[in-house]
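**Q** I'd like to ask you about the structure that follows.
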Protein chains: 8
Amino acid sequence: MDRSDLVKLLDDVRAGVTSPEVAARRLGELPYAEVAQAVVIDHHRELRTGIPELVFGASKTAAQIAAALTELARGAGGALATRVDAAKARELCALLPGVVIHEAARLAILGQAPMRPAAAPIAVVCAGTSDLPVAEEAALVAEFLGASVIRVSDVGVAGLHRLLARLDDIRGAQVVIAVAGMEAALPSVLGGLIDRPMIAVPTSVGYGVSVDGLVALGALLSACAPGITVVNIDNGVGAAVAAVKIARLVRT
Amino acid sequence: MDRSDLVKLLDDVRAGVTSPEVAARRLGELPYAEVAQAVVIDHHRELRTGIPELVFGASKTAAQIAAALTELARGAGGALATRVDAAKARELCALLPGVVIHEAARLAILGQAPMRPAAAPIAVVCAGTSDLPVAEEAALVAEFLGASVIRVSDVGVAGLHRLLARLDDIRGAQVVIAVAGMEAALPSVLGGLIDRPMIAVPTSVGYGVSVDGLVALGALLSACAPGITVVNIDNGVGAAVAAVKIARLVRT
Amino acid sequence: MDRSDLVKLLDDVRAGVTSPEVAARRLGELPYAEVAQAVVIDHHRELRTGIPELVFGASKTAAQIAAALTELARGAGGALATRVDAAKARELCALLPGVVIHEAARLAILGQAPMRPAAAPIAVVCAGTSDLPVAEEAALVAEFLGASVIRVSDVGVAGLHRLLARLDDIRGAQVVIAVAGMEAALPSVLGGLIDRPMIAVPTSVGYGVSVDGLVALGALLSACAPGITVVNIDNGVGAAVAAVKIARLVRT
Amino acid sequence: MDRSDLVKLLDDVRAGVTSPEVAARRLGELPYAEVAQAVVIDHHRELRTGIPELVFGASKTAAQIAAALTELARGAGGALATRVDAAKARELCALLPGVVIHEAARLAILGQAPMRPAAAPIAVVCAGTSDLPVAEEAALVAEFLGASVIRVSDVGVAGLHRLLARLDDIRGAQVVIAVAGMEAALPSVLGGLIDRPMIAVPTSVGYGVSVDGLVALGALLSACAPGITVVNIDNGVGAAVAAVKIARLVRT
Amino acid sequence: MDRSDLVKLLDDVRAGVTSPEVAARRLGELPYAEVAQAVVIDHHRELRTGIPELVFGASKTAAQIAAALTELARGAGGALATRVDAAKARELCALLPGVVIHEAARLAILGQAPMRPAAAPIAVVCAGTSDLPVAEEAALVAEFLGASVIRVSDVGVAGLHRLLARLDDIRGAQVVIAVAGMEAALPSVLGGLIDRPMIAVPTSVGYGVSVDGLVALGALLSACAPGITVVNIDNGVGAAVAAVKIARLVRT
Amino acid sequence: MDRSDLVKLLDDVRAGVTSPEVAARRLGELPYAEVAQAVVIDHHRELRTGIPELVFGASKTAAQIAAALTELARGAGGALATRVDAAKARELCALLPGVVIHEAARLAILGQAPMRPAAAPIAVVCAGTSDLPVAEEAALVAEFLGASVIRVSDVGVAGLHRLLARLDDIRGAQVVIAVAGMEAALPSVLGGLIDRPMIAVPTSVGYGVSVDGLVALGALLSACAPGITVVNIDNGVGAAVAAVKIARLVRT
Amino acid sequence: MDRSDLVKLLDDVRAGVTSPEVAARRLGELPYAEVAQAVVIDHHRELRTGIPELVFGASKTAAQIAAALTELARGAGGALATRVDAAKARELCALLPGVVIHEAARLAILGQAPMRPAAAPIAVVCAGTSDLPVAEEAALVAEFLGASVIRVSDVGVAGLHRLLARLDDIRGAQVVIAVAGMEAALPSVLGGLIDRPMIAVPTSVGYGVSVDGLVALGALLSACAPGITVVNIDNGVGAAVAAVKIARLVRT
Amino acid sequence: MDRSDLVKLLDDVRAGVTSPEVAARRLGELPYAEVAQAVVIDHHRELRTGIPELVFGASKTAAQIAAALTELARGAGGALATRVDAAKARELCALLPGVVIHEAARLAILGQAPMRPAAAPIAVVCAGTSDLPVAEEAALVAEFLGASVIRVSDVGVAGLHRLLARLDDIRGAQVVIAVAGMEAALPSVLGGLIDRPMIAVPTSVGYGVSVDGLVALGALLSACAPGITVVNIDNGVGAAVAAVKIARLVRT
């Protein structure tokens with residue numbers, strides 16, 4: 001409910017069309033539904049933020065994920081859940097026959113993604129083979145949200161020529177998502193070579209001091225190539241949402 | 001030197017206009033100048049990345065900052081240095097009569113910022129009075145880079161009505177920079193209310209567990225409103241550069 | 001044994017009713033019983049602190065939990081154990097036929113909670129679905145201790161209208177327990193909207209930098225809405241005990 | 001503006017007393033004043049939360065603190081600023097002749113504290129001499145907010161008899177604030193001896209591993225005496241606000 | 001080989017009884033045996049340090065533990081291995097029929113502990129039921145090394161009277177080992193009540209911020225009762241060895 | 001007041017010599033004096049713990065230190081304050097003409113140390129020149145408490161021959177205090193060469209990862225030579241107190 | 001492609017042998033092959049860095065490892081994969097009949113290591129039995145890269161004579177790899193006894209504060225014997241590669 | 001004293017040239033001198049380790065540094081002290097007229113460096129202007145130890161062409177020291193381009209998460225270009241010593 005809705009409601013009150021009591025209640029009305037399994041769905045989120053509610057599967061049971069996907073897809077045609085591990089994926093397939101699982105990216109998609117606003121192409125660049133699951137999560141979510149994606153994999157800085165060879169592909173996008181674990185040097189190097197907004201995703205790939213992604217996160221936040229922004233460790237979804245918000249700004 | 005320059009150079013070699021030795025040397029030639037005080041200036045950076053070199057003043061002497069600003073402004077008309085504390089600012093004013101100091105934001109600007117590509121307006125939103133220096137650093141750098149800035153201050157979540165009262169102003173921008181210290185709840189709340197890309201800057205404002213900004217950083221990386229990206233603690237410059245890169249994508 | 005007991009005992013000594021040796025021994029006497037399985041029960045704790053001993057199940061075997069519940073319930077009519085995981089719950093049901101298991105909250109309750117002092121109502125407010133187990137632990141323990149509980153779930157700040165819609169319910173309580181993981185912004189926002197004492201419980205819900213609840217804990221300790229107090233990560237029990245102690249102060 | 005104000009406003013709109021445009025503006029109107037020095041004062045905070053705005057002096061200049069105190073005291077009769085170090089205190093005394101400085105507690109108070117709701121007595125208990133400044137900050141803020149305070153100092157657990165000797169004094173209060181640095185064992189011991197709500201304040205007193213108060217904070221969050229809640233390190237203000245909110249619930 | 005052995009060897013060289021080459025080789029000779037499974041046994045350690053080599057079972061296979069115990073017991077009559085978990089214990093029993101397993105303490109003992117120097121009694125004091133395995137590890141190792149042990153369990157500070165009731169028992173020992181997890185307040189309190197040397201063992205019992213024992217460790221190192229020394233988390237063995245070294249100094 | 005005092009008091013009550021009220025008050029009586037400057041002195045501590053109260057100077061003003069030393073020395077003949085930095089030392093000398101300052105060790109001693117129980121000699125071993133202040137603090141405190149001290153300096157493991165050359169000196173003591181910063185390898189090596197109890201003191205000497213002594217502390221807690229116990233970083237006082245408690249056990 | 005290749009290519013362009021377009025493409029050409037399972041092989045790495053690509057098995061499936069080994073061995077005759085755990089090793093043996101597994105070191109080697117440049121001998125020194133797997137990983141990788149290895153095991157500093165007895169063996173090498181967990185004192189001691197370059201590998205052997213190798217890492221970085229360099233925790237491979245690069249510099 | 005010295009000494013004993021007592025004393029004799037100011041000099045260190053003792057100035061007074069330099073230079077002709085800040089440098093110049101101060105590198109050198117073994121050239125590569133002091137410390141120490149140094153500055157990865165332009169210079173060295181702060185990506189990139197041993201030095205240049213060099217350290221330890229070894233933060237000395245040890249192995 002934005003400012004114009006508010007004036008409209010108040011006009012109705014003045015016109016006697018709506019009583020003050022009803023108006024007061026409407027101002028407090030909740031635009032969400034309580035589905036089975038106690039998962040509350042926020043149907044208005046896409047109106048407010050441009051992004052539909054995505055189901056965070058890590059802390060839900062397969063039954064809760066199924067209920068949420070069904071409820072969301074009922075309104076929008078399609079719905080997506082993240083962090084669906086192998087065991088939950090199997091249960092989910094039994095509960096929701098039509099669901100599509102992307103195993104490496106740990107995603108579950110139900111139905112068709114609805115038409116969404118136009119968005120410029122997004123490059124998803126990936127330093128090592130081990131970073132592929134997070135990169136793929138970012139790419140698939142971006143596609144679900146209506147963007148086209150250019151995938152560029154295995155261009156870590158230890159083999160600099162690989163990265164240079166793919167620069168033209170990367171420059172074909174308007175926004176770049178760079179996924180990197182270990183010491184996460186890729187975005188620093190890439191940030192000095194392109195003029196696009198870049199969102200960096202640290203991954204938890206590594207061992208010893210880098211086992212949990214904190215070194216990669218720290219390195220990305222410290223990158224001396226200015227203008228790189230960062231999301232949480234392994235957060236391909238967040239990077240995709242941010243990139244899509246940017247890509248929609250580009251009038252194509 | 002991009003791909004077309006390379007083909008051009010090779011054409012000259014084939015045509016005998018350029019010798020192979022000269023070409024090989026040119027391919028390795030350095031597009032930077034060594035100024036006094038051993039500060040190397042990268043004149044080509046703006047061509048590659050769209051953003052001119054900004055002088056990081058924290059680890060340089062006033063003399064080094066002055067030399068770097070002079071060299072950069074010589075080519076581009078204007079130059080900017082960050083993290084210029086009060087003592088360095090005084091020395092700098094003595095060395096460079098025309099320099100302009102923004103004390104709270106710790107910036108020094110020499111000459112006129114050159115004409116830059118058009119950019120959509122950017123909102124710089126600030127949770128508390130204590131976060132103002134970082135917010136102002138972001139706003140001034142964004143303006144130096146050619147963007148117009150909407151400043152919205154002191155809208156922390158402990159007084160929610162203040163934030164709601166300024167929502168229309170914030171929605172007037174295409175990109176939002178949100179600056180917040182302590183528990184940094186502002187971007188989480190704001191992220192659920194708008195559909196713009198948002199870059200969050202944690203600040204080192206706080207005491208006890210939040211003394212150095214790590215709690216604010218962690219909270220921003222964990223924000224459940226998806227699509228928020230984050231820069232280093234107190235890094236107003238980085239947020240401004242990222243926001244300008246995005247704002248330039250918007251065909252206004 | 002408080003001051004008046006002490007004077008009474010000394011009077012008995014003076015009166016010759018009690019010998020000095022007996023009195024000295026009584027002053028050192030232990031008001032606890034050693035039950036099977038080496039678990040020592042502190043029957044006097046409720047007299048001293050107003051709160052009965054609650055069995056911390058995490059570091060005990062099912063047999064130890066059963067013995068402790070039996071011993072405690074023998075004296076008080078009812079007893080409660082926390083952190084009883086699914087496996088221990090199954091064993092416990094076999095050992096103690098009458099025990100009631102609350103699976104999500106990981107609680108086991110034996111017998112009827114005894115009559116306890118009157119207490120004002122407590123609101124248990126919960127940011128996300130994933131925080132429900134901790135919220136439910138707090139709610140059930142508060143009820144076991146004699147308080148009535150108002151449950152308000154899924155009112156995270158990314159959908160602010162949900163929270164505003166439930167404000168009147170929350171204001172119906174005299175004390176608020178707010179449960180939040182990830183960046184834990186809910187208590188900051190809520191703290192600016194109500195005038196009740198609020199106890200915040202950080203949860204270990206999250207991933208990346210927020211995987212273990214330390215970010216939520218730090219954010220809550222840094223909350224700029226003054227007057228919020230905090231308990232350990234996932235410590236629904238501690239929050240319930242603190243809230244009940246407060247609620248009992250209210251003469252209803 | 002609460003629900004009844006809203007219905008009242010809407011009645012006025014229906015009655016034609018207020019136009020919809022005016023009503024919409026009022027709904028967004030900001031109940032705060034911008035004072036000199038860019039410090040925004042939230043006059044409505046006490047109405048919403050029961051606690052007036054307290055000026056956090058650490059990140060403000062003496063001039064900003066003076067302006068804020070003046071503006072707040074204009075409305076309420078009295079105002080208080082925290083974290084006013086010795087240098088700022090001197091400047092403040094020059095700017096605001098009537099201000100009263102509490103040096104150890106680093107507080108500045110202007111004018112008379114207004115009449116506030118009745119509150120039960122609060123005990124402020126302190127483990128060591130070194131913890132006195134934080135304890136005094138808590139005590140003075142509680143008194144400013146209208147509570148009477150019982151001070152109990154230097155009752156660390158290494159001399160247990162001192163603590164036991166003061167138990168009756170502590171039991172004279174309805175709420176207890178326990179201030180402790182180093183290993184912070186005092187609240188654990190005290191929590192097993194009394195039945196009052198207790199708020200623990202870790203202090204940054206210590207050296208080596210305990211130099212910054214994190215050990216004390218961790219110990220207090222881990223205290224096995226249930227029902228202890230905790231505030232940020234050295235946060236005497238927060239403890240006082242929380243204690244006063246509780247003390248007001250007690251019908252005296 | 002101490003100084004007198006050295007002079008003796010050199011006398012033999014002068015006397016021609018030993019050749020210089022042989023003497024040089026003897027000076028470098030290794031007083032250890034290589035047993036099966038590549039575990040090297042240091043038979044001379046007890047001579048140098050007063051304490052026999054104890055087998056650290058955590059990083060060894062059951063076969064390696066069996067070989068080491070056999071080799072050590074061959075020379076000394078008895079041998080002890082630590083950190084033998086349930087699975088390894090089962091394998092070990094199959095490999096070494098005479099071995100005795102102490103399940104809670106995770107110890108395996110082969111043969112009879114040899115006669116060792118006289119040692120004064122040691123008290124092993126334990127805060128909570130959950131700390132019992134570490135306390136028992138300390139107690140059994142101390143007994144294996146020839147000391148008599150006084151066990152005092154479940155005397156946490158939340159029930160202070162329990163601790164006071166056992167003070168006379170504790171004072172019967174010359175050295176005290178205090179085992180405590182969570183906030184580890186027991187040794188602070190006990191340190192103010194007795195005059196014996198005390199070695200504190202933090203345990204990894206806890207959850208949230210105290211999950212891994214670091215809070216307990218920090219609290220013990222910060223204890224304001226001077227003269228407490230500390231060993232690594234869960235290191236009952238180290239505490240026992242240190243206590244025995246002290247107890248042997250007491251001429252009984 | 002121990003058990004026999006208690007029986008005595010109760011006898012007096014039975015005999016009518018003492019009234020119950022007086023006895024109850026005496027049982028709660030405080031054996032400490034409140035001196036000027038709000039520093040509470042615990043005259044009974046030495047009776048309970050064998051160690052007099054030592055004044056921790058770091059968090060006290062020079063005036064508070066002077067008052068505490070005077071009060072303590074009044075009863076015992078001599079008193080000692082720690083962490084007296086150069087500035088406080090100057091002030092203290094002005095306030096207390098007879099005080100003796102040990103500059104490097106940051107100690108102030110007033111009067112003559114009283115006769116104390118016999119104690120075996122203690123060796124204070126020191127790895128590097130930089131560790132000398134902490135070592136000297138330990139040595140002087142041990143001497144103040146009545147022990148004789150053997151000082152062995154600059155025997156770090158990078159020059160192993162230096163350590164081996166001093167082994168006989170070290171073996172002349174019954175207890176060893178080993179002081180070490182950086183990687184703190186000295187106690188590990190020494191622990192394999194001697195059979196005495198050893199207390200290790202990590203120091204904050206170092207830079208980079210070892211700047212605050214946490215690496216030294218961690219290394220000492222992890223030392224594979226069993227039986228080493230550890231005190232807080234730079235805590236020479238604590239090590240001295242612990243060593244003296246041990247040294248007094250040795251009947252010399 | 002180094003500088004001389006570049007001049008050669010440009011000569012060909014001038015001579016008309018190569019067209020500018022072809023040359024431009026060749027300059028960007030990728031010297032790697034995409035094998036099955038999306039693992040990209042960098043055949044040119046050995047030319048650039050002297051070290052072939054080693055397959056990091058931890059984040060790859062057995063099928064991916066098999067494909068990478070096959071592709072690498074096709075060109076070079078032999079290939080090596082690291083971090084191949086027991087389960088992957090079994091799968092790998094089924095997929096690649098000729099593969100050789102080194103179980104403790106978790107390595108898989110396919111084919112014959114090709115002839116490599118001469119290298120001086122390398123000593124791999126190991127503090128404890130528990131460090132053997134990492135030491136063996138280092139030794140086997142060094143041998144695969146063409147160096148001869150001197151293995152010296154179980155020479156921890158708690159039994160110093162063991163280390164001294166093996167000094168001559170260690171001095172037979174030109175480079176030393178020292179592997180140590182816990183407090184990692186071995187390299188500090190050894191660094192004071194030899195004049196060879198030494199690379200230290202911290203291991204994750206330990207418990208309590210040393211459970212994850214961070215203490216060992218910190219201790220090694222702080223070692224006061226100058227000239228020790230360090231690799232990541234458990235990184236035997238990195239140490240071997242660094243040692244081989246050094247050993248090849250020695251003209252034997 | 002090595003093995004042959006030992007046999008020689010024993011021969012003298014057999015020949016009666018040396019008595020056993022004298023020999024025993026000589027075996028324990030200390031090859032160091034105690035200079036004024038309690039600084040012990042280890043004249044034999046260069047014989048054992050190939051590197052003379054370097055004076056660590058950070059924890060010494062100017063007087064101690066002067067004494068140590070004088071004593072060391074007396075034997076060797078020249079001596080060097082590190083971490084001599086501006087204030088100590090001024091004092092030192094007054095105490096030691098001939099001393100040479102390198103201000104940025106914080107070094108003091110007295111006399112002429114003695115002739116040392118031949119060493120191959122070492123490259124010292126530096127990412128940013130801010131890293132120059134640490135790089136210069138490394139370069140000057142390497143030169144003091146007899147190596148020639150190739151300095152390559154300001155080749156951070158954000159301007160990749162700068163680095164590529166200097167590759168031939170870097171390849172002219174046999175060992176590379178790479179100095180880098182912030183995210184420290186330079187060594188990762190460089191490690192993929194050269195085949196020399198590389199020692200990386202993290203610096204404490206940065207702010208926010210990278211303020212103390214821990215991010216740079218972590219990134220370097222995690223670098224995916226294998227064969228990079230690392231020293232402590234800002235430890236230019238350690239890198240120089242390690243590099244010189246390697247450079248001496250190259251027969252030039």
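Numbering starts fresh at 1 for the residues of each chain in the structure tokens, the chains themselves are lettered A, B, ... in the order given, and ligands are numbered from 1 as they appear.
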Excluding Leu193 of chain B and its own-chain neighbours fewer than 2 positions away, which residues fall within 10 Å of it when counting only C-alpha atoms? Please give them as a VMD selection string.

**A** (chain A and resid 45 47 to 50) or (chain B and resid 164 167 171 187 to 191 195 to 196 225) or (chain C and resid 157 to 161)

**Q** Identify, with DSSP run on backbone atoms, the residues in segment 39-235 of chain G assigned to helix (DSSP H, G or I), and express the list as number ranges by chain.

**A** G: 45-49, 57-59, 62-76, 86-95, 129-144, 157-165, 167-171, 186-191, 208-210, 214-221

**Q** Just want the 8 Å neighbourhood of segment 168-170 of chain F, counted on only C-alpha atoms, with same-chain residues fewer than 6 positions away dropped. Output as a ChimeraX atom specification.

**A** /F:123,125,150,152,176

**Q** Find the distance between atom CA of Ala240 of chain A and atom CA of Ala138 of chain A and write it in Å to one decimal.

**A**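 Atom CA of Ala138 of chain A lies 5.0 Å from atom CA of Ala240 of chain A.
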
**Q** Please build the interface table for chain F against chain G with a cut-off of 9 Å, listing for each qualifying residue the nearest atom pair and the distance in Å to one decimal; count only C-alpha atoms, order rows by chain and increasing number, and write it as CSV.

**A**
residue,atom,partner,partner_atom,distance
F:Gly156,CA,G:Cys224,CA,8.6
F:Val157,CA,G:Val189,CA,5.4
F:Ala158,CA,G:Gly192,CA,4.3
F:Gly159,CA,G:Gly192,CA,5.8
F:Leu160,CA,G:Val189,CA,7.1
F:Met182,CA,G:Ser222,CA,5.3
F:Glu183,CA,G:Ala219,CA,4.3
F:Ala184,CA,G:Ala219,CA,7.6
F:Ala185,CA,G:Ala185,CA,5.0
F:Leu186,CA,G:Ala185,CA,8.2
F:Ser188,CA,G:Ala158,CA,6.2
F:Val189,CA,G:Val157,CA,5.4
F:Leu190,CA,G:Ala158,CA,7.8
F:Gly191,CA,G:Ala158,CA,6.7
F:Gly192,CA,G:Ala158,CA,4.3
F:Leu193,CA,G:Ala158,CA,7.6
F:Gly206,CA,G:Ser222,CA,7.4
F:Tyr207,CA,G:Ser222,CA,8.0
F:Gly208,CA,G:Ser222,CA,8.0
F:Val209,CA,G:Gly218,CA,6.3
F:Ser210,CA,G:Ser222,CA,6.2
F:Leu214,CA,G:Val215,CA,8.8
F:Val215,CA,G:Gly218,CA,5.6
F:Ala216,CA,G:Ala219,CA,7.1
F:Leu217,CA,G:Val215,CA,8.9
F:Gly218,CA,G:Val215,CA,5.6
F:Ala219,CA,G:Glu183,CA,4.3
F:Leu220,CA,G:Glu183,CA,6.8
F:Leu221,CA,G:Val209,CA,7.4
F:Ser222,CA,G:Glu183,CA,5.1
F:Ala223,CA,G:Glu183,CA,5.3
F:Cys224,CA,G:Ala158,CA,6.8
F:Ala225,CA,G:Ala158,CA,5.4
F:Pro226,CA,G:Ala158,CA,9.0

**Q** Could those selected residues go to a file with N, CA, C and O atoms, as a short mmCIF file (atom, residue, chain, number, x, y, z; two decimals), in the first residue's frame?

**A**
data_model
loop_
_atom_site.label_atom_id
_atom_site.label_comp_id
_atom_site.auth_asym_id
_atom_site.auth_seq_id
_atom_site.Cartn_x
_atom_site.Cartn_y
_atom_site.Cartn_z
N GLY F 156 66.42 -18.83 25.17
CA GLY F 156 65.46 -19.22 24.14
C GLY F 156 65.94 -20.40 23.33
O GLY F 156 67.15 -20.67 23.26
N VAL F 157 65.02 -21.10 22.69
CA VAL F 157 65.37 -22.35 22.02
C VAL F 157 66.12 -22.15 20.72
O VAL F 157 66.67 -23.10 20.17
N ALA F 158 66.15 -20.92 20.18
CA ALA F 158 66.92 -20.72 18.96
C ALA F 158 68.41 -20.86 19.22
O ALA F 158 69.19 -21.04 18.29
N GLY F 159 68.82 -20.76 20.49
CA GLY F 159 70.21 -21.04 20.86
C GLY F 159 70.21 -22.09 21.95
O GLY F 159 70.40 -21.78 23.13
N LEU F 160 69.99 -23.32 21.55
CA LEU F 160 69.67 -24.39 22.49
C LEU F 160 70.76 -24.59 23.53
O LEU F 160 70.48 -24.92 24.70
N MET F 182 56.35 -14.71 21.83
CA MET F 182 56.45 -15.21 20.45
C MET F 182 55.78 -16.59 20.33
O MET F 182 54.61 -16.72 20.65
N GLU F 183 56.54 -17.61 19.89
CA GLU F 183 55.96 -18.95 19.74
C GLU F 183 56.07 -19.76 21.02
O GLU F 183 55.57 -20.88 21.08
N ALA F 184 56.76 -19.23 22.03
CA ALA F 184 56.78 -19.83 23.37
C ALA F 184 57.19 -21.29 23.38
O ALA F 184 56.57 -22.13 24.03
N ALA F 185 58.26 -21.61 22.67
CA ALA F 185 58.70 -23.00 22.59
C ALA F 185 59.51 -23.44 23.79
O ALA F 185 59.67 -24.63 24.04
N LEU F 186 60.05 -22.48 24.56
CA LEU F 186 60.94 -22.83 25.67
C LEU F 186 60.32 -23.84 26.64
O LEU F 186 60.95 -24.86 26.95
N SER F 188 58.09 -26.08 26.27
CA SER F 188 57.97 -27.41 25.68
C SER F 188 59.28 -28.15 25.76
O SER F 188 59.34 -29.34 26.11
N VAL F 189 60.37 -27.46 25.42
CA VAL F 189 61.68 -28.10 25.44
C VAL F 189 62.09 -28.40 26.88
O VAL F 189 62.50 -29.51 27.22
N LEU F 190 61.96 -27.41 27.74
CA LEU F 190 62.38 -27.56 29.13
C LEU F 190 61.56 -28.66 29.83
O LEU F 190 62.09 -29.42 30.64
N GLY F 191 60.28 -28.74 29.48
CA GLY F 191 59.40 -29.73 30.10
C GLY F 191 59.85 -31.15 29.84
O GLY F 191 59.53 -32.06 30.60
N GLY F 192 60.59 -31.37 28.77
CA GLY F 192 61.10 -32.71 28.48
C GLY F 192 62.41 -33.00 29.16
O GLY F 192 62.93 -34.11 29.07
N LEU F 193 62.99 -32.01 29.83
CA LEU F 193 64.33 -32.17 30.41
C LEU F 193 64.35 -32.21 31.93
O LEU F 193 65.35 -32.59 32.52
N GLY F 206 55.90 -9.65 20.80
CA GLY F 206 55.75 -10.16 19.45
C GLY F 206 55.14 -9.13 18.53
O GLY F 206 54.92 -7.99 18.91
N TYR F 207 54.84 -9.55 17.31
CA TYR F 207 54.21 -8.65 16.34
C TYR F 207 53.46 -9.53 15.35
O TYR F 207 53.57 -10.76 15.39
N GLY F 208 52.71 -8.91 14.45
CA GLY F 208 51.92 -9.70 13.51
C GLY F 208 50.96 -10.59 14.27
O GLY F 208 50.28 -10.15 15.20
N VAL F 209 50.90 -11.86 13.92
CA VAL F 209 49.94 -12.75 14.56
C VAL F 209 50.18 -12.92 16.06
O VAL F 209 49.30 -13.34 16.78
N SER F 210 51.39 -12.59 16.52
CA SER F 210 51.70 -12.83 17.94
C SER F 210 51.67 -11.55 18.75
O SER F 210 52.16 -11.51 19.88
N LEU F 214 48.36 -14.07 22.31
CA LEU F 214 47.44 -15.20 22.19
C LEU F 214 48.11 -16.42 21.57
O LEU F 214 47.79 -17.55 21.92
N VAL F 215 49.04 -16.20 20.65
CA VAL F 215 49.75 -17.34 20.07
C VAL F 215 50.60 -18.02 21.13
O VAL F 215 50.60 -19.25 21.25
N ALA F 216 51.31 -17.22 21.92
CA ALA F 216 52.12 -17.81 22.99
C ALA F 216 51.24 -18.59 23.97
O ALA F 216 51.56 -19.71 24.36
N LEU F 217 50.10 -18.00 24.32
CA LEU F 217 49.18 -18.69 25.23
C LEU F 217 48.71 -20.01 24.63
O LEU F 217 48.74 -21.07 25.29
N GLY F 218 48.28 -19.99 23.39
CA GLY F 218 47.81 -21.20 22.73
C GLY F 218 48.89 -22.25 22.65
O GLY F 218 48.64 -23.44 22.89
N ALA F 219 50.11 -21.83 22.32
CA ALA F 219 51.20 -22.78 22.20
C ALA F 219 51.48 -23.44 23.56
O ALA F 219 51.70 -24.65 23.63
N LEU F 220 51.45 -22.65 24.62
CA LEU F 220 51.74 -23.22 25.94
C LEU F 220 50.65 -24.19 26.37
O LEU F 220 50.93 -25.24 26.96
N LEU F 221 49.38 -23.86 26.09
CA LEU F 221 48.29 -24.77 26.45
C LEU F 221 48.38 -26.06 25.63
O LEU F 221 47.87 -27.10 26.04
N SER F 222 48.99 -25.99 24.46
CA SER F 222 49.08 -27.16 23.57
C SER F 222 50.37 -27.93 23.75
O SER F 222 50.57 -28.92 23.05
N ALA F 223 51.25 -27.48 24.63
CA ALA F 223 52.57 -28.09 24.74
C ALA F 223 52.46 -29.59 24.95
O ALA F 223 51.69 -30.05 25.80
N CYS F 224 53.21 -30.36 24.18
CA CYS F 224 53.06 -31.81 24.27
C CYS F 224 53.84 -32.39 25.44
O CYS F 224 53.67 -33.56 25.76
N ALA F 225 54.71 -31.61 26.08
CA ALA F 225 55.34 -32.09 27.31
C ALA F 225 54.31 -31.98 28.41
O ALA F 225 53.98 -30.88 28.83
N PRO F 226 53.76 -33.11 28.93
CA PRO F 226 52.63 -33.02 29.86
C PRO F 226 53.05 -32.45 31.20
O PRO F 226 54.20 -32.55 31.61
#
